[in-house]
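coords-v8.csv (CSV, C-alpha atoms) appears below.
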chain,number,residue,atom,x,y,z
A,1,MET,CA,0.0,0.0,0.0
A,2,ASN,CA,1.2,3.5,-0.8
A,3,TYR,CA,0.6,6.4,1.5
A,4,LYS,CA,0.4,10.1,0.7
A,5,PHE,CA,2.0,12.8,3.0
A,6,GLY,CA,2.5,16.5,2.9
A,7,SER,CA,5.7,18.4,2.6
A,8,ASP,CA,6.3,18.2,6.3
A,9,MET,CA,7.6,14.6,6.0
A,10,LYS,CA,10.9,14.0,4.2
A,11,ILE,CA,13.0,10.8,3.6
A,12,PHE,CA,16.7,11.0,3.2
A,13,ALA,CA,19.4,8.4,2.8
A,14,CYS,CA,23.1,8.1,3.1
A,15,ASN,CA,25.2,5.6,1.1
A,16,SER,CA,24.9,2.3,2.9
A,17,ASN,CA,21.7,0.9,1.3
A,18,MET,CA,20.3,3.3,-1.3
A,19,GLU,CA,18.2,0.6,-2.9
A,20,LEU,CA,16.3,-0.2,0.3
A,21,ALA,CA,15.9,3.6,1.1
A,22,ALA,CA,14.5,4.3,-2.4
A,23,SER,CA,12.1,1.4,-2.0
A,24,ILE,CA,10.9,2.5,1.4
A,25,ALA,CA,10.3,6.0,0.1
A,26,ALA,CA,8.4,4.7,-2.9
A,27,ARG,CA,6.1,2.7,-0.7
A,28,LEU,CA,5.4,5.9,1.2
A,29,GLY,CA,4.6,7.7,-2.1
A,30,LEU,CA,7.7,9.9,-1.8
A,31,THR,CA,11.0,10.3,-3.4
A,32,LEU,CA,14.3,10.5,-1.5
A,33,GLY,CA,15.3,14.0,-0.4
A,34,ASN,CA,17.9,15.8,-2.4
A,35,ALA,CA,21.2,15.4,-0.6
A,36,GLU,CA,24.8,14.6,-1.5
A,37,VAL,CA,27.0,12.4,0.8
A,38,GLU,CA,30.5,12.3,-0.5
A,39,LYS,CA,34.2,12.4,0.6
A,40,PHE,CA,36.8,15.0,0.5
A,41,SER,CA,40.2,14.0,-1.0
A,42,ASP,CA,41.5,13.3,2.5
A,43,GLY,CA,38.6,10.9,3.3
A,44,GLU,CA,36.5,13.3,5.5
A,45,ILE,CA,32.7,13.0,5.0
A,46,SER,CA,31.0,15.8,3.1
A,47,VAL,CA,27.2,16.2,3.4
A,48,LYS,CA,25.1,18.7,1.5
A,49,ILE,CA,21.3,19.1,1.9
A,50,ASN,CA,20.0,20.6,-1.3
A,51,GLU,CA,16.4,21.4,-0.2
A,52,THR,CA,14.7,23.1,2.7
A,53,ILE,CA,13.9,20.9,5.7
A,54,ARG,CA,12.9,23.7,8.2
A,55,GLY,CA,10.1,22.4,10.4
A,56,ALA,CA,10.0,19.0,8.6
A,57,ASP,CA,9.7,15.5,10.1
A,58,VAL,CA,12.9,14.0,8.8
A,59,PHE,CA,13.8,10.3,8.5
A,60,ILE,CA,17.3,9.4,7.6
A,61,ILE,CA,17.9,5.8,6.4
A,62,GLN,CA,21.3,4.3,7.0
A,63,SER,CA,22.6,0.9,8.0
A,64,THR,CA,25.9,1.1,9.9
A,65,SER,CA,27.3,-1.9,7.9
A,66,GLU,CA,30.7,-2.3,6.2
A,67,PRO,CA,32.5,0.0,6.0
A,68,VAL,CA,31.0,0.6,9.5
A,69,ASN,CA,32.9,3.7,10.5
A,70,ASP,CA,32.3,5.5,7.2
A,71,HIS,CA,28.6,4.8,7.3
A,72,LEU,CA,28.3,5.7,11.0
A,73,MET,CA,30.0,9.1,10.3
A,74,GLU,CA,27.8,9.7,7.3
A,75,LEU,CA,24.7,9.3,9.5
A,76,LEU,CA,26.1,11.4,12.4
A,77,ILE,CA,27.0,14.3,10.1
A,78,MET,CA,23.7,14.2,8.2
A,79,ILE,CA,21.8,14.3,11.6
A,80,ASP,CA,23.9,17.3,12.6
A,81,ALA,CA,23.2,19.0,9.3
A,82,MET,CA,19.5,18.4,9.7
A,83,LYS,CA,19.5,19.7,13.3
A,84,ARG,CA,21.3,22.9,12.2
A,85,ALA,CA,18.8,23.4,9.4
A,86,SER,CA,15.9,23.4,11.9
A,87,ALA,CA,14.3,20.1,11.2
A,88,ALA,CA,11.3,19.7,13.6
A,89,ARG,CA,12.2,16.0,14.4
A,90,ILE,CA,15.0,13.7,13.2
A,91,THR,CA,14.5,9.9,13.2
A,92,ALA,CA,17.5,7.8,12.5
A,93,VAL,CA,16.3,4.7,10.6
A,94,ILE,CA,19.0,2.1,11.1
A,95,PRO,CA,17.9,-1.2,9.6
A,96,TYR,CA,21.2,-2.8,10.8
A,97,TYR,CA,22.8,-1.3,14.0
A,98,GLY,CA,26.5,-1.9,13.9
A,99,TYR,CA,28.6,-2.3,17.1
A,100,ALA,CA,25.6,-4.0,18.7
A,101,ARG,CA,27.7,-7.0,19.7
A,102,GLN,CA,29.9,-4.8,22.0
A,103,ASP,CA,27.1,-4.4,24.5
A,104,ARG,CA,28.8,-5.3,27.8
A,105,LYS,CA,32.2,-5.7,29.4
A,106,ALA,CA,33.1,-9.3,28.6
A,107,ARG,CA,36.6,-8.8,30.0
A,108,ALA,CA,38.4,-6.3,32.1
A,109,ARG,CA,38.9,-2.9,30.4
A,110,ASP,CA,36.6,-3.7,27.5
A,111,PRO,CA,34.7,-0.8,26.0
A,112,ILE,CA,30.9,-0.8,25.6
A,113,SER,CA,30.8,0.4,22.1
A,114,ALA,CA,27.1,0.0,21.6
A,115,LYS,CA,26.5,2.5,24.3
A,116,LEU,CA,29.0,4.9,22.8
A,117,VAL,CA,27.3,4.8,19.5
A,118,ALA,CA,24.0,5.5,21.2
A,119,ASN,CA,25.5,8.5,22.9
A,120,LEU,CA,26.9,9.7,19.6
A,121,LEU,CA,23.5,9.5,17.8
A,122,THR,CA,21.8,11.3,20.6
A,123,SER,CA,24.5,14.0,20.8
A,124,ALA,CA,24.4,14.5,17.0
A,125,GLY,CA,20.7,15.5,17.3
A,126,ALA,CA,18.6,12.3,16.7
A,127,ASN,CA,15.2,12.5,18.4
A,128,ARG,CA,14.3,8.9,17.7
A,129,VAL,CA,15.8,5.6,16.4
A,130,LEU,CA,14.0,3.0,14.3
A,131,THR,CA,15.9,-0.3,13.8
A,132,MET,CA,15.4,-4.0,13.4
A,133,ASP,CA,16.5,-7.0,15.4
A,134,LEU,CA,19.1,-5.5,17.7
A,135,HIS,CA,21.6,-8.1,18.6
A,136,CYS,CA,20.8,-7.5,22.2
A,137,ALA,CA,17.4,-6.0,23.1
A,138,GLN,CA,18.8,-4.2,26.1
A,139,ILE,CA,20.6,-1.8,23.8
A,140,GLN,CA,17.3,0.1,23.7
A,141,GLY,CA,18.1,1.1,27.3
A,142,PHE,CA,21.4,2.7,26.2
A,143,PHE,CA,19.4,5.5,24.6
A,144,ASP,CA,17.6,8.4,26.3
A,145,ILE,CA,15.4,8.9,23.3
A,146,PRO,CA,12.7,6.5,22.0
A,147,VAL,CA,13.9,3.4,20.2
A,148,ASP,CA,11.6,1.2,18.1
A,149,ASN,CA,13.1,-2.3,17.5
A,150,LEU,CA,11.2,-4.0,14.7
A,151,VAL,CA,11.3,-7.8,14.3
A,152,GLY,CA,12.3,-9.7,11.2
A,153,ASN,CA,10.9,-13.1,12.3
A,154,PRO,CA,7.4,-12.6,10.6
A,155,LEU,CA,9.1,-12.0,7.3
A,156,LEU,CA,11.1,-15.2,7.6
A,157,THR,CA,8.3,-17.4,8.8
A,158,SER,CA,6.0,-16.0,6.0
A,159,PHE,CA,8.5,-17.0,3.4
A,160,TYR,CA,8.7,-20.6,4.7
A,161,VAL,CA,4.9,-20.9,5.0
A,162,ASN,CA,4.5,-19.8,1.4
A,163,LYS,CA,7.3,-22.0,0.2
A,164,TYR,CA,6.7,-25.3,2.1
A,165,GLY,CA,3.1,-25.2,3.2
A,166,GLU,CA,2.0,-28.5,4.7
A,167,ASP,CA,5.5,-29.9,4.2
A,168,LEU,CA,6.6,-27.8,7.3
A,169,LYS,CA,5.4,-30.7,9.5
A,170,ASN,CA,8.7,-32.5,8.5
A,171,PHE,CA,10.9,-29.6,9.6
A,172,VAL,CA,12.7,-28.7,12.9
A,173,ALA,CA,13.8,-25.2,13.8
A,174,VAL,CA,17.4,-25.2,15.2
A,175,SER,CA,19.1,-22.6,17.3
A,176,PRO,CA,22.8,-22.5,16.4
A,177,ASP,CA,23.8,-21.5,20.0
A,178,LEU,CA,22.2,-20.9,23.4
A,179,GLY,CA,22.0,-17.2,22.8
A,180,SER,CA,19.5,-17.6,19.9
A,181,VAL,CA,17.1,-20.0,21.7
A,182,THR,CA,14.4,-17.3,22.4
A,183,ARG,CA,14.4,-16.1,18.8
A,184,THR,CA,14.3,-19.7,17.5
A,185,ARG,CA,11.5,-20.7,19.9
A,186,THR,CA,9.4,-17.8,18.6
A,187,PHE,CA,10.2,-18.8,15.0
A,188,ALA,CA,9.3,-22.5,15.8
A,189,GLU,CA,6.0,-21.5,17.5
A,190,LYS,CA,5.0,-19.4,14.5
A,191,LEU,CA,5.5,-22.4,12.2
A,192,ASN,CA,4.2,-24.9,14.7
A,193,ILE,CA,7.3,-27.1,14.4
A,194,PRO,CA,9.7,-28.6,17.0
A,195,LEU,CA,12.8,-26.9,18.4
A,196,ALA,CA,16.3,-28.2,18.7
A,197,ILE,CA,19.4,-26.5,20.1
A,198,ILE,CA,23.1,-26.7,19.3
A,199,ASP,CA,25.4,-26.4,22.4
A,200,LYS,CA,28.8,-25.2,21.3
A,201,ARG,CA,32.0,-23.9,22.8
A,202,ARG,CA,33.8,-20.9,21.2
A,203,PRO,CA,37.6,-21.2,21.9
A,204,ARG,CA,38.2,-17.7,20.4
A,205,ALA,CA,36.5,-14.9,18.5
A,206,ASN,CA,34.9,-16.0,15.1
A,207,VAL,CA,35.8,-19.6,15.8
A,208,SER,CA,33.1,-22.1,16.9
A,209,GLU,CA,33.2,-25.7,17.8
A,210,ILE,CA,30.1,-27.9,17.8
A,211,MET,CA,29.6,-29.8,21.0
A,212,ASN,CA,26.1,-31.3,21.3
A,213,ILE,CA,22.7,-31.2,19.7
A,214,ILE,CA,19.7,-31.1,22.0
A,215,GLY,CA,16.6,-32.4,20.3
A,216,ASP,CA,15.7,-34.9,17.6
A,217,ILE,CA,16.8,-33.9,14.1
A,218,ALA,CA,17.5,-37.4,12.6
A,219,GLY,CA,15.6,-37.9,9.4
A,220,LYS,CA,14.2,-34.3,9.5
A,221,LYS,CA,14.6,-31.2,7.4
A,222,VAL,CA,15.9,-28.4,9.6
A,223,ILE,CA,16.0,-24.6,9.5
A,224,LEU,CA,18.8,-22.8,11.3
A,225,VAL,CA,17.7,-19.4,12.8
A,226,ASP,CA,20.0,-16.5,13.8
A,227,ASP,CA,19.8,-12.7,13.9
A,228,MET,CA,23.0,-12.2,11.9
A,229,ILE,CA,25.6,-14.1,10.0
A,230,ASP,CA,29.1,-12.5,10.0
A,231,THR,CA,32.0,-14.8,9.0
A,232,ALA,CA,29.5,-17.7,8.8
A,233,GLY,CA,31.7,-20.0,10.9
A,234,THR,CA,28.9,-20.7,13.4
A,235,ILE,CA,26.1,-21.3,10.9
A,236,THR,CA,28.1,-23.5,8.5
A,237,ASN,CA,29.7,-25.6,11.3
A,238,ALA,CA,26.2,-26.1,12.6
A,239,ALA,CA,24.8,-27.0,9.2
A,240,ASN,CA,27.5,-29.6,8.6
A,241,ALA,CA,27.1,-31.1,12.0
A,242,LEU,CA,23.4,-31.4,11.5
A,243,ARG,CA,23.8,-33.3,8.3
A,244,GLU,CA,26.5,-35.6,9.8
A,245,ARG,CA,24.0,-36.4,12.6
A,246,GLY,CA,21.1,-37.3,10.5
A,247,ALA,CA,19.3,-34.2,9.1
A,248,ILE,CA,18.3,-34.8,5.5
A,249,GLU,CA,18.2,-31.2,4.5
A,250,VAL,CA,19.5,-27.9,6.0
A,251,ASP,CA,18.1,-24.4,5.3
A,252,ALA,CA,19.2,-21.3,7.3
A,253,CYS,CA,17.9,-17.8,7.8
A,254,CYS,CA,18.9,-14.6,9.4
A,255,THR,CA,17.9,-10.9,9.5
A,256,HIS,CA,21.3,-9.3,8.9
A,257,ALA,CA,23.6,-10.7,6.2
A,258,VAL,CA,26.9,-9.2,7.4
A,259,LEU,CA,28.8,-11.8,5.4
A,260,SER,CA,32.4,-10.6,6.0
A,261,GLY,CA,35.7,-12.3,5.4
A,262,PRO,CA,35.4,-15.9,4.2
A,263,ALA,CA,31.6,-16.0,4.7
A,264,ILE,CA,30.5,-16.5,1.1
A,265,GLU,CA,33.1,-19.3,0.4
A,266,ARG,CA,32.0,-21.0,3.6
A,267,ILE,CA,28.3,-20.9,2.8
A,268,GLN,CA,29.0,-22.1,-0.8
A,269,ASP,CA,31.0,-25.1,0.5
A,270,SER,CA,28.6,-25.9,3.4
A,271,ALA,CA,25.6,-28.3,3.8
A,272,ILE,CA,23.3,-25.3,3.7
A,273,LYS,CA,20.8,-25.7,0.8
A,274,GLU,CA,19.3,-22.2,1.0
A,275,LEU,CA,20.2,-19.2,3.1
A,276,LEU,CA,17.3,-16.7,3.5
A,277,VAL,CA,18.3,-13.2,4.5
A,278,LEU,CA,16.6,-9.8,4.8
A,279,ASP,CA,17.9,-6.7,3.0
A,280,THR,CA,18.8,-4.6,6.1
A,281,ILE,CA,22.3,-4.7,4.7
A,282,HIS,CA,23.0,-4.1,1.0
A,283,LEU,CA,24.3,-7.3,-0.7
A,284,PRO,CA,26.8,-6.4,-3.4
A,285,GLU,CA,27.0,-8.5,-6.6
A,286,SER,CA,30.1,-10.2,-5.4
A,287,LYS,CA,28.2,-11.7,-2.5
A,288,LYS,CA,25.1,-12.8,-4.5
A,289,ILE,CA,25.2,-16.6,-4.9
A,290,ASP,CA,22.5,-19.1,-5.9
A,291,LYS,CA,22.2,-20.3,-2.3
A,292,ILE,CA,21.2,-16.9,-0.9
A,293,THR,CA,17.6,-15.7,-1.2
A,294,THR,CA,16.7,-12.1,-0.1
A,295,VAL,CA,13.4,-10.8,1.2
A,296,SER,CA,12.9,-7.0,1.5
A,297,VAL,CA,12.0,-5.2,4.7
A,298,ASP,CA,10.8,-2.1,2.8
A,299,HIS,CA,7.1,-2.4,3.6
A,300,VAL,CA,7.8,-3.0,7.3
A,301,PHE,CA,9.9,0.1,7.6
A,302,ALA,CA,7.5,2.1,5.5
A,303,ASP,CA,4.6,1.1,7.8
A,304,ALA,CA,6.7,2.0,10.9
A,305,ILE,CA,7.7,5.4,9.5
A,306,ARG,CA,4.0,6.1,8.7
A,307,CYS,CA,3.0,5.2,12.2
A,308,ILE,CA,5.7,7.4,13.8
A,309,HIS,CA,4.9,10.3,11.5
A,310,GLU,CA,1.1,10.1,12.3
A,311,GLY,CA,1.6,9.5,16.0
A,312,GLU,CA,0.2,6.0,15.9
A,313,SER,CA,1.3,3.0,17.9
A,314,ILE,CA,3.7,0.7,16.0
A,315,SER,CA,3.0,-2.3,18.3
A,316,GLN,CA,0.6,-3.7,15.6
A,317,LEU,CA,3.7,-4.3,13.4
A,318,PHE,CA,5.1,-6.8,15.9
A,319,ASP,CA,2.3,-9.2,15.4
Full structure transcribed into structure tokens:
Amino acid sequence: MNYKFGSDMKIFACNSNMELAASIAARLGLTLGNAEVEKFSDGEISVKINETIRGADVFIIQSTSEPVNDHLMELLIMIDAMKRASAARITAVIPYYGYARQDRKARARDPISAKLVANLLTSAGANRVLTMDLHCAQIQGFFDIPVDNLVGNPLLTSFYVNKYGEDLKNFVAVSPDLGSVTRTRTFAEKLNIPLAIIDKRRPRANVSEIMNIIGDIAGKKVILVDDMIDTAGTITNAANALRERGAIEVDACCTHAVLSGPAIERIQDSAIKELLVLDTIHLPESKKIDKITTVSVDHVFADAIRCIHEGESISQLFD
């Protein structure tokens, strides 16, 4: 559905995911605001807003994905530009919130970078944040401004319902680690399928070791569920272990396809038949392989932006 708004609402985008931003704007019956986000010769970010935004309700769409620091600075500088140009309200629409994994002190003298980024966004002038599937939900509490954390699970479950239908009775939802159990349980309940859990030990960062599978997956088709896939070590090790222990087919899904380092090669060589991802992060051509299927979040964010602009509750979008 397309919605029509007056000139008091404007949608802008930085460079991280222009395709998604344009699609969100189109669903709202708008075009992206006229802005230039470039770099000076020394690498500093340059932002130019080429239309008036005085008194406007401004939404800036930008995922803080790779290159994370460049995209974060683009967002902060554009927020600052909007504030200084007298925007009435500035909402940072961050489909993927980078630095979310650094949310606590895991060791002595560790930074809490997720809190630092929250402080930066607030100090820059953001009045509200709209995001999806924060790695840790408590990050909402790092902000002193409203944070709306949308969920990607309904998009994933709808895809599988439409694809498999009655055949879903032969599937099991699998959590790749203990931290994803709540997310996977919700996913399994939506599809009315059993749940299994992989208990693993991680000897060092980005390296995982499969230890035990809790649940019955022998002779079943399985769907691995996670919020993000970075180097793909965890998800591919889990997929291979599931096949070795009797699963007849392995699919996987996640909200955020970070896919850094050796991720694409690992996925290509793994037991994963299909990896379903959402487009919160732009997927370049070099990372588009036959195993990866993408579903867009444009209509979810468009609906959320409409609710925020019109002062309506967005809780309906969580159903």
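The smallest atom-to-atom distance between Val93 in chain A and any of A:Asp177, A:Asp148, A:Cys254, A:Ile77, using only C-alpha atoms, is found for A:Asp148.
By only C-alpha atoms, and with residues fewer than 3 positions from range 266-281 of chain A along its chain excluded, the set lying at most 7 Å from it is Asn17, Ser63, Ser65, Pro95, Tyr96, Ala232, Thr236, Ala239, Asn240, Arg243, Val250, Asp251, Ala252, Cys253, Cys254, Thr255, His256, Ala257, Val258, Pro262, Ala263, Lys291, Ile292, Thr293, Thr294, Val295, Ser296 and Val297 of chain A.
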| said: Between CA of Thr64 in chain A and CA of Thr231 in chain A, what distance in Å does the model show, to one decimal? | reply: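 Taking CA of Thr64 in chain A and CA of Thr231 in chain A, their separation equals 17.1 Å.
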- Item | Interatomic distance, CA of Ser23 in chain A to CA of Phe301 in chain A (Å, one decimal) |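 We find that CA of Ser23 in chain A and CA of Phe301 in chain A lie 9.9 Å from each other.
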Coordinates-based distance that separates CA of Gly33 in chain A from CA of Ala114 in chain A (Å, one decimal):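 Distance reported for this atom pair: 28.6 Å.
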Problem set entry | Distance criterion (only C-alpha atoms): nearest to Gln140 in chain A out of A:Ala100, A:Arg185, A:Ile112, A:Lys83 |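 Closest candidate: A:Ala100.
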Next item on the list: Name all residues at most 9 Å from range 213-230 of chain A (count all atoms listed in the file; drop same-chain ones fewer than 5 positions away) and give them as a ChimeraX atom specification.
Entry: /A:133-135,152,168,170-177,180-181,183-184,187,194-200,206,235,238-239,241-243,245-261,263,277
Closest of A:Ile24, A:Val129, A:Ile305, A:Leu32 to Thr91 in chain A, counting only C-alpha atoms, is A:Val129
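Of the residues listed (A:Thr234, A:Arg128, A:Ala26, A:Gly43), A:Arg128 shows the shortest atom-to-atom separation from Pro146 in chain A; distances use all atoms listed in the file.
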Tell me, as an mmCIF file with C-alpha atoms, in the coordinates of the input, which residues lie within 6 Å of Met132 in chain A, counting all atoms listed in the file; anything in the same chain fewer than 6 positions away does not count.
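The resulting file, result20.cif, is reproduced below:
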data_model
loop_
_atom_site.group_PDB
_atom_site.id
_atom_site.type_symbol
_atom_site.label_atom_id
_atom_site.label_comp_id
_atom_site.auth_asym_id
_atom_site.auth_seq_id
_atom_site.Cartn_x
_atom_site.Cartn_y
_atom_site.Cartn_z
ATOM 1 C CA PRO A 95 17.900 -1.200 9.600
ATOM 2 C CA ASN A 149 13.100 -2.300 17.500
ATOM 3 C CA LEU A 150 11.200 -4.000 14.700
ATOM 4 C CA VAL A 151 11.300 -7.800 14.300
#
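Among the candidate residues A:Phe159, A:Gly98, A:Asp8, A:Val147, the one lying nearest to Ile314 in chain A is A:Val147, with distances computed using all atoms listed in the file.
When all atoms listed in the file are used to compute distances to Asp303 in chain A, the closest of the residues A:Ile60, A:Leu28, A:Asn237, A:Glu66 turns out to be A:Leu28.
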Show me, as a PyMOL selection string, the residues that have an atom within 12 Å of Arg84 in chain A when counting all atoms listed in the file, minus same-chain residues fewer than 2 positions from it. chain A and resi 49+52-55+77-82+86-90+124-126
I'd like the contact shell of Met18 in chain A - 9 Å cut-off, all atoms listed in the file, skipping same-chain residues fewer than 5 positions apart - returned as number ranges by chain. A: 13, 23, 61-62, 282
Give me, as a tab-separated table, each residue of range 105-153 of chain A that comes within 12 Å of range 70-73 of chain A, together with its shortest interatomic pair and the distance in Å at one decimal, counting only C-alpha atoms, with rows ordered by chain and rising residue number.
residue	atom	partner	partner_atom	distance
A:Leu116	CA	A:Leu72	CA	11.8
A:Val117	CA	A:Leu72	CA	8.6
A:Ala118	CA	A:Leu72	CA	11.1
A:Leu120	CA	A:Leu72	CA	9.6
A:Leu121	CA	A:Leu72	CA	9.1
A:Ala124	CA	A:Met73	CA	10.3
field: Expected answer as a list in words: all residues with atoms within 9 Å of (7.6, -17.8, 10.5), only C-alpha atoms
entry: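 Selection result: Asn153, Pro154, Leu155, Leu156, Thr157, Ser158, Phe159, Tyr160, Val161, Thr186, Phe187, Ala188, Glu189, Lys190, Leu191 and Asn192 of chain A.
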Regenerate range 291-309 of chain A at the level of N, CA, C and O atoms and dump it as a PDB file, in the coordinates of the input.
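Written output follows (out.pdb):
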ATOM      1  N   LYS A 291      22.760 -19.798  -3.546  1.00  0.00           N
ATOM      2  CA  LYS A 291      22.200 -20.300  -2.300  1.00  0.00           C
ATOM      3  C   LYS A 291      21.532 -19.224  -1.455  1.00  0.00           C
ATOM      4  O   LYS A 291      20.802 -19.545  -0.509  1.00  0.00           O
ATOM      5  N   ILE A 292      21.751 -17.950  -1.770  1.00  0.00           N
ATOM      6  CA  ILE A 292      21.200 -16.900  -0.900  1.00  0.00           C
ATOM      7  C   ILE A 292      19.942 -16.287  -1.572  1.00  0.00           C
ATOM      8  O   ILE A 292      19.928 -15.892  -2.730  1.00  0.00           O
ATOM      9  N   THR A 293      18.876 -16.259  -0.785  1.00  0.00           N
ATOM     10  CA  THR A 293      17.600 -15.700  -1.200  1.00  0.00           C
ATOM     11  C   THR A 293      17.338 -14.461  -0.285  1.00  0.00           C
ATOM     12  O   THR A 293      17.525 -14.545   0.927  1.00  0.00           O
ATOM     13  N   THR A 294      16.887 -13.354  -0.874  1.00  0.00           N
ATOM     14  CA  THR A 294      16.700 -12.100  -0.100  1.00  0.00           C
ATOM     15  C   THR A 294      15.194 -11.733  -0.103  1.00  0.00           C
ATOM     16  O   THR A 294      14.526 -11.782  -1.136  1.00  0.00           O
ATOM     17  N   VAL A 295      14.712 -11.346   1.065  1.00  0.00           N
ATOM     18  CA  VAL A 295      13.400 -10.800   1.200  1.00  0.00           C
ATOM     19  C   VAL A 295      13.499  -9.370   1.723  1.00  0.00           C
ATOM     20  O   VAL A 295      14.303  -9.090   2.610  1.00  0.00           O
ATOM     21  N   SER A 296      12.724  -8.462   1.170  1.00  0.00           N
ATOM     22  CA  SER A 296      12.900  -7.000   1.500  1.00  0.00           C
ATOM     23  C   SER A 296      12.079  -6.672   2.777  1.00  0.00           C
ATOM     24  O   SER A 296      10.988  -7.196   3.031  1.00  0.00           O
ATOM     25  N   VAL A 297      12.662  -5.741   3.521  1.00  0.00           N
ATOM     26  CA  VAL A 297      12.000  -5.200   4.700  1.00  0.00           C
ATOM     27  C   VAL A 297      11.341  -3.859   4.427  1.00  0.00           C
ATOM     28  O   VAL A 297      10.886  -3.177   5.352  1.00  0.00           O
ATOM     29  N   ASP A 298      11.282  -3.462   3.145  1.00  0.00           N
ATOM     30  CA  ASP A 298      10.800  -2.100   2.800  1.00  0.00           C
ATOM     31  C   ASP A 298       9.445  -1.785   3.328  1.00  0.00           C
ATOM     32  O   ASP A 298       9.210  -0.703   3.884  1.00  0.00           O
ATOM     33  N   HIS A 299       8.498  -2.730   3.197  1.00  0.00           N
ATOM     34  CA  HIS A 299       7.100  -2.400   3.600  1.00  0.00           C
ATOM     35  C   HIS A 299       7.005  -2.333   5.136  1.00  0.00           C
ATOM     36  O   HIS A 299       6.201  -1.553   5.644  1.00  0.00           O
ATOM     37  N   VAL A 300       7.821  -3.088   5.872  1.00  0.00           N
ATOM     38  CA  VAL A 300       7.800  -3.000   7.300  1.00  0.00           C
ATOM     39  C   VAL A 300       8.275  -1.660   7.818  1.00  0.00           C
ATOM     40  O   VAL A 300       7.650  -1.023   8.673  1.00  0.00           O
ATOM     41  N   PHE A 301       9.400  -1.209   7.260  1.00  0.00           N
ATOM     42  CA  PHE A 301       9.900   0.100   7.600  1.00  0.00           C
ATOM     43  C   PHE A 301       9.008   1.234   7.165  1.00  0.00           C
ATOM     44  O   PHE A 301       8.842   2.240   7.859  1.00  0.00           O
ATOM     45  N   ALA A 302       8.413   1.077   5.997  1.00  0.00           N
ATOM     46  CA  ALA A 302       7.500   2.100   5.500  1.00  0.00           C
ATOM     47  C   ALA A 302       6.283   2.220   6.448  1.00  0.00           C
ATOM     48  O   ALA A 302       5.861   3.336   6.788  1.00  0.00           O
ATOM     49  N   ASP A 303       5.741   1.086   6.877  1.00  0.00           N
ATOM     50  CA  ASP A 303       4.600   1.100   7.800  1.00  0.00           C
ATOM     51  C   ASP A 303       5.023   1.754   9.147  1.00  0.00           C
ATOM     52  O   ASP A 303       4.258   2.525   9.740  1.00  0.00           O
ATOM     53  N   ALA A 304       6.227   1.431   9.633  1.00  0.00           N
ATOM     54  CA  ALA A 304       6.700   2.000  10.900  1.00  0.00           C
ATOM     55  C   ALA A 304       6.892   3.499  10.793  1.00  0.00           C
ATOM     56  O   ALA A 304       6.532   4.254  11.710  1.00  0.00           O
ATOM     57  N   ILE A 305       7.462   3.942   9.686  1.00  0.00           N
ATOM     58  CA  ILE A 305       7.700   5.400   9.500  1.00  0.00           C
ATOM     59  C   ILE A 305       6.317   6.096   9.410  1.00  0.00           C
ATOM     60  O   ILE A 305       6.148   7.186   9.989  1.00  0.00           O
ATOM     61  N   ARG A 306       5.355   5.506   8.723  1.00  0.00           N
ATOM     62  CA  ARG A 306       4.000   6.100   8.700  1.00  0.00           C
ATOM     63  C   ARG A 306       3.432   6.238  10.068  1.00  0.00           C
ATOM     64  O   ARG A 306       2.887   7.293  10.427  1.00  0.00           O
ATOM     65  N   CYS A 307       3.544   5.173  10.879  1.00  0.00           N
ATOM     66  CA  CYS A 307       3.000   5.200  12.200  1.00  0.00           C
ATOM     67  C   CYS A 307       3.672   6.297  13.083  1.00  0.00           C
ATOM     68  O   CYS A 307       3.003   7.033  13.819  1.00  0.00           O
ATOM     69  N   ILE A 308       4.996   6.387  12.988  1.00  0.00           N
ATOM     70  CA  ILE A 308       5.700   7.400  13.800  1.00  0.00           C
ATOM     71  C   ILE A 308       5.294   8.794  13.332  1.00  0.00           C
ATOM     72  O   ILE A 308       5.034   9.677  14.157  1.00  0.00           O
ATOM     73  N   HIS A 309       5.222   9.005  12.029  1.00  0.00           N
ATOM     74  CA  HIS A 309       4.900  10.300  11.500  1.00  0.00           C
ATOM     75  C   HIS A 309       3.460  10.745  11.939  1.00  0.00           C
ATOM     76  O   HIS A 309       3.221  11.919  12.275  1.00  0.00           O
TER      77      HIS A 309
END
